[in-house]
>>> print(open('query-v9.txt').read())   # compact mmCIF, C-alpha atoms
# COMPACT_ATOMS: atom_id res chain seq x y z
CA MET A 965 -29.30 72.44 51.73
CA THR A 966 -31.03 69.13 51.25
CA LYS A 967 -31.94 67.28 48.04
CA LYS A 968 -35.58 68.19 48.68
CA VAL A 969 -34.86 71.91 48.78
CA HIS A 970 -32.45 71.86 45.84
CA THR A 971 -34.82 69.89 43.60
CA THR A 972 -37.77 72.10 44.54
CA VAL A 973 -35.78 75.24 43.80
CA GLY A 974 -34.35 73.75 40.60
CA PHE A 975 -37.78 72.72 39.39
CA CYS A 976 -39.29 76.12 40.24
CA SER A 977 -36.37 77.93 38.56
CA GLY A 978 -36.79 75.80 35.46
CA ILE A 979 -40.50 76.54 35.29
CA ILE A 980 -39.97 80.29 35.68
CA ILE A 981 -37.21 80.46 33.03
CA SER A 982 -39.18 78.20 30.66
CA PHE A 983 -42.28 80.29 31.16
CA LEU A 984 -40.32 83.48 30.42
CA LEU A 985 -38.82 81.99 27.27
CA TYR A 986 -41.79 80.10 25.89
CA ASN A 987 -44.94 81.68 27.36
CA ASN A 988 -45.86 83.60 24.20
CA ASN A 989 -46.12 80.36 22.26
CA LEU A 990 -46.30 77.67 24.94
CA SER A 991 -48.46 75.24 22.97
CA ARG A 992 -45.87 75.19 20.20
CA ASN A 993 -42.90 74.98 22.58
CA ILE A 994 -44.23 72.60 25.23
CA ALA A 995 -41.44 70.07 24.57
CA SER A 996 -38.76 72.77 25.01
CA PHE A 997 -40.53 73.90 28.19
CA LEU A 998 -40.49 70.36 29.60
CA VAL A 999 -36.90 69.60 28.53
CA LEU A 1000 -35.55 72.83 30.04
CA THR A 1001 -37.51 72.28 33.27
CA PHE A 1002 -36.29 68.68 33.55
CA GLY A 1003 -32.71 69.84 32.90
CA SER A 1004 -33.06 72.41 35.66
CA PHE A 1005 -34.38 69.78 38.05
CA LEU A 1006 -31.41 67.53 37.25
CA GLY A 1007 -28.91 70.39 37.32
CA SER A 1008 -30.04 71.32 40.82
CA ILE A 1009 -28.52 68.16 42.32
CA ILE A 1010 -25.34 67.89 40.23
CA PRO A 1011 -23.12 70.13 42.44
CA ASP A 1012 -23.55 67.67 45.33
CA VAL A 1013 -21.79 64.92 43.36
CA ASP A 1014 -18.78 65.86 45.53
CA ASN A 1015 -20.58 64.47 48.61
CA ARG A 1016 -20.54 60.67 48.72
CA ARG A 1017 -23.60 60.67 51.01
CA SER A 1018 -25.72 62.82 48.69
CA TYR A 1019 -28.29 61.32 46.34
CA ILE A 1020 -26.20 61.90 43.21
CA GLY A 1021 -22.93 61.09 44.99
CA HIS A 1022 -24.40 57.74 45.97
CA LYS A 1023 -25.46 57.07 42.35
CA ALA A 1024 -22.10 58.15 40.85
CA LYS A 1025 -19.77 56.67 43.48
CA ALA A 1026 -16.54 56.68 41.46
CA ILE A 1027 -16.96 60.31 40.34
CA SER A 1028 -18.02 61.35 43.83
CA LYS A 1029 -15.07 59.64 45.48
CA THR A 1030 -12.58 61.21 43.07
CA ILE A 1031 -13.96 64.75 43.38
CA ASN A 1032 -14.31 64.48 47.17
CA LYS A 1033 -10.75 63.18 47.53
CA HIS A 1034 -9.32 66.20 45.71
CA GLY A 1035 -11.56 68.99 46.97
CA GLY A 1036 -13.99 67.75 49.59
CA HIS A 1037 -17.62 68.77 49.75
CA ARG A 1038 -18.41 72.26 48.52
CA GLY A 1039 -15.23 72.59 46.56
CA ILE A 1040 -14.94 72.93 42.79
CA THR A 1041 -18.49 71.71 42.12
CA HIS A 1042 -19.84 74.62 44.15
CA SER A 1043 -18.15 77.28 42.04
CA ILE A 1044 -18.41 79.16 38.78
CA LEU A 1045 -15.47 77.07 37.53
CA GLY A 1046 -17.42 73.86 38.24
CA LEU A 1047 -20.39 75.17 36.26
CA ALA A 1048 -18.14 76.15 33.34
CA ILE A 1049 -16.46 72.72 33.30
CA LEU A 1050 -19.85 70.98 33.34
CA ILE A 1051 -21.16 73.05 30.43
CA LEU A 1052 -17.96 72.44 28.45
CA LEU A 1053 -18.26 68.70 29.15
CA LEU A 1054 -21.91 68.66 28.06
CA PHE A 1055 -21.16 70.50 24.84
CA GLY A 1056 -18.08 68.34 24.23
CA ILE A 1057 -20.13 65.17 24.65
CA GLY A 1058 -22.95 66.69 22.60
CA SER A 1059 -20.57 67.65 19.83
CA SER A 1060 -18.90 64.23 19.70
CA MET A 1061 -22.33 62.57 19.51
CA ASN A 1062 -23.68 65.10 16.98
CA LEU A 1063 -26.29 66.33 19.46
CA ILE A 1064 -25.41 70.04 19.20
CA ASP A 1065 -27.90 70.59 16.41
CA TYR A 1066 -30.52 68.38 18.01
CA LEU A 1067 -33.56 70.53 18.73
CA TYR A 1068 -33.77 70.05 22.49
CA PHE A 1069 -30.11 69.56 23.40
CA LYS A 1070 -29.49 73.27 24.00
CA ASP A 1071 -32.71 73.55 26.04
CA PHE A 1072 -31.54 70.66 28.18
CA CYS A 1073 -28.05 72.16 28.68
CA PHE A 1074 -29.53 75.55 29.50
CA GLY A 1075 -31.81 73.85 32.01
CA ILE A 1076 -28.83 72.10 33.60
CA ALA A 1077 -27.14 75.50 33.99
CA VAL A 1078 -30.28 77.06 35.49
CA GLY A 1079 -30.57 74.25 38.03
CA TYR A 1080 -26.86 74.39 38.83
CA VAL A 1081 -27.04 78.15 39.43
CA SER A 1082 -30.12 77.68 41.65
CA HIS A 1083 -28.12 75.17 43.70
CA LEU A 1084 -25.25 77.62 44.14
CA ALA A 1085 -27.64 80.46 44.95
CA PHE A 1086 -29.24 78.49 47.75
CA ASP A 1087 -25.97 77.11 49.15
CA ILE A 1088 -24.49 80.60 49.29
CA ILE A 1089 -27.15 81.62 51.82
CA THR A 1090 -26.26 78.82 54.26
CA ILE A 1091 -23.87 78.90 57.21
CA SER A 1092 -21.19 76.97 55.27
CA GLY A 1093 -21.28 79.20 52.19
CA ILE A 1094 -19.50 78.23 48.96
CA PRO A 1095 -16.11 78.89 47.32
CA LEU A 1096 -17.72 80.76 44.41
CA PHE A 1097 -14.38 81.65 42.79
CA TYR A 1098 -12.64 78.32 43.35
CA PRO A 1099 -9.66 77.63 43.33
CA ILE A 1100 -9.66 80.65 45.63
CA LYS A 1101 -10.87 78.95 48.78
CA LYS A 1102 -12.60 81.94 50.35
CA ARG A 1103 -16.20 80.96 51.03
CA PHE A 1104 -19.00 83.38 50.29
CA CYS A 1105 -21.97 83.37 52.61
CA LEU A 1106 -24.81 85.89 52.20
CA PHE A 1107 -26.91 84.75 55.16
CA LYS A 1108 -26.46 82.17 57.87
CA LEU A 1109 -29.48 80.02 57.12
CA ARG A 1110 -29.70 76.52 58.55
CA SER A 1111 -31.50 74.69 55.79
CA ASP A 1112 -31.93 71.47 57.73
CA LYS A 1113 -34.15 73.36 60.15
CA TYR A 1114 -36.32 75.09 57.56
CA GLN A 1115 -36.35 72.77 54.53
CA ASN A 1116 -40.14 72.40 54.39
CA LEU A 1117 -40.65 76.13 54.85
CA ILE A 1118 -38.09 76.94 52.14
CA SER A 1119 -39.74 74.50 49.70
CA ILE A 1120 -43.22 75.93 50.34
CA PHE A 1121 -41.90 79.50 50.04
CA CYS A 1122 -40.22 78.73 46.68
CA THR A 1123 -43.38 77.13 45.34
CA ILE A 1124 -45.53 80.11 46.38
CA VAL A 1125 -43.04 82.61 44.93
CA THR A 1126 -42.99 80.63 41.66
CA MET A 1127 -46.77 80.74 41.44
CA LEU A 1128 -46.80 84.48 42.12
CA ILE A 1129 -44.16 85.12 39.46
CA LEU A 1130 -46.10 83.06 36.90
CA ILE A 1131 -49.31 84.93 37.73
CA TYR A 1132 -47.48 88.25 37.35
CA ILE A 1133 -45.95 87.23 33.99
CA SER A 1134 -49.32 86.03 32.72
CA TYR A 1135 -50.96 89.25 33.84
CA GLN A 1136 -48.26 91.37 32.16
CA ASN A 1137 -48.62 89.39 28.92
CA LYS A 1138 -52.39 90.02 28.88
CA LEU A 1139 -51.81 93.75 29.28
CA ASN A 1140 -49.48 93.82 26.25
>>> encode(input="query-v9.txt", output="structure tokens")
Amino acid sequence: MTKKVHTTVGFCSGIIISFLLYNNNLSRNIASFLVLTFGSFLGSIIPDVDNRRSYIGHKAKAISKTINKHGGHRGITHSILGLAILILLLFGIGSSMNLIDYLYFKDFCFGIAVGYVSHLAFDIITISGIPLFYPIKKRFCLFKLRSDKYQNLISIFCTIVTMLILIYISYQNKLN
């Protein structure tokens, strides 16, 4: 998938999760909503740090080069293990900087995880698949979608689905 698709899906995922968590009291939790959504947007591009030609790989060249050298593209960063390591690193950094108790730190980390999972979910439906249970190298592939061919369609579809989900949630909340 491309950066455009991953960021669209990450942003939409962040909005949906934020809306589910904070919809009942959105005016009071708008900062949490925004922090979680931003984290999800950012988390949606992090797995591609293993590709030196990706947006994030280009920005973090040393990290990208090291990860790519040891596992190539769609290696550890495209697995459950990669997600776990990232969360442990975030909480380790947060703990050492006394951010754990900071009001929005956990929202941000949760957003990163949501975006990361959205990235994996959309890469698992491509032709290449992902090694979900890395270091086991077997790649999982649910469909054989060529994202480069349909990136605009996928982005539009995700946006429409997000709007429909938000309308449904709002409607359900009004019934209750």
>>> closest_residue(input="query-v9.txt", among="A:Leu1047, A:Ala1077, A:Ile1091, A:Ile1133", to="Thr1001 in chain A", atoms="only C-alpha atoms")
A:Ala1077
>>> closest_residue(input="query-v9.txt", among="A:Ile1040, A:Ile1027, A:Leu1045, A:Ile1051", to="Lys1070 in chain A", atoms="all atoms listed in the file")
A:Ile1051
>>> closest_residue(input="query-v9.txt", among="A:Ser977, A:Ile1049, A:Leu1000, A:Val1081", to="Val1125 in chain A", atoms="all atoms listed in the file")
A:Ser977
>>> residues_around(input="query-v9.txt", residues="Ala1026 in chain A", least_positions_apart="5", cutoff="10 Å", atoms="only C-alpha atoms", output="short mmCIF file (atom, residue, chain, number, x, y, z; two decimals) with C-alpha atoms, keeping the file's coordinate frame")
data_model
loop_
_atom_site.label_atom_id
_atom_site.label_comp_id
_atom_site.auth_asym_id
_atom_site.auth_seq_id
_atom_site.Cartn_x
_atom_site.Cartn_y
_atom_site.Cartn_z
CA VAL A 1013 -21.79 64.92 43.36
CA ARG A 1016 -20.54 60.67 48.72
CA GLY A 1021 -22.93 61.09 44.99
CA ILE A 1031 -13.96 64.75 43.38
CA ASN A 1032 -14.31 64.48 47.17
#
>>> residues_near_point(input="query-v9.txt", point="(-33.4, 74.8, 23.9)", cutoff="7 Å", atoms="only C-alpha atoms", output="list of chain:residue names")
A:Ser996, A:Leu1000, A:Leu1067, A:Tyr1068, A:Phe1069, A:Lys1070, A:Asp1071, A:Phe1072, A:Phe1074
>>> write_last_selection(input="query-v9.txt", atoms="C-alpha atoms", output="PDB file, keeping the file's coordinate frame")
ATOM      1  CA  SER A 996     -38.760  72.770  25.010  1.00  0.00           C
ATOM      2  CA  LEU A1000     -35.550  72.830  30.040  1.00  0.00           C
ATOM      3  CA  LEU A1067     -33.560  70.530  18.730  1.00  0.00           C
ATOM      4  CA  TYR A1068     -33.770  70.050  22.490  1.00  0.00           C
ATOM      5  CA  PHE A1069     -30.110  69.560  23.400  1.00  0.00           C
ATOM      6  CA  LYS A1070     -29.490  73.270  24.000  1.00  0.00           C
ATOM      7  CA  ASP A1071     -32.710  73.550  26.040  1.00  0.00           C
ATOM      8  CA  PHE A1072     -31.540  70.660  28.180  1.00  0.00           C
ATOM      9  CA  PHE A1074     -29.530  75.550  29.500  1.00  0.00           C
TER      10      PHE A1074
END
>>> closest_residue(input="query-v9.txt", among="A:Ile1089, A:Ala995, A:Cys1122, A:Ile1129", to="Leu1106 in chain A", atoms="only C-alpha atoms")
A:Ile1089
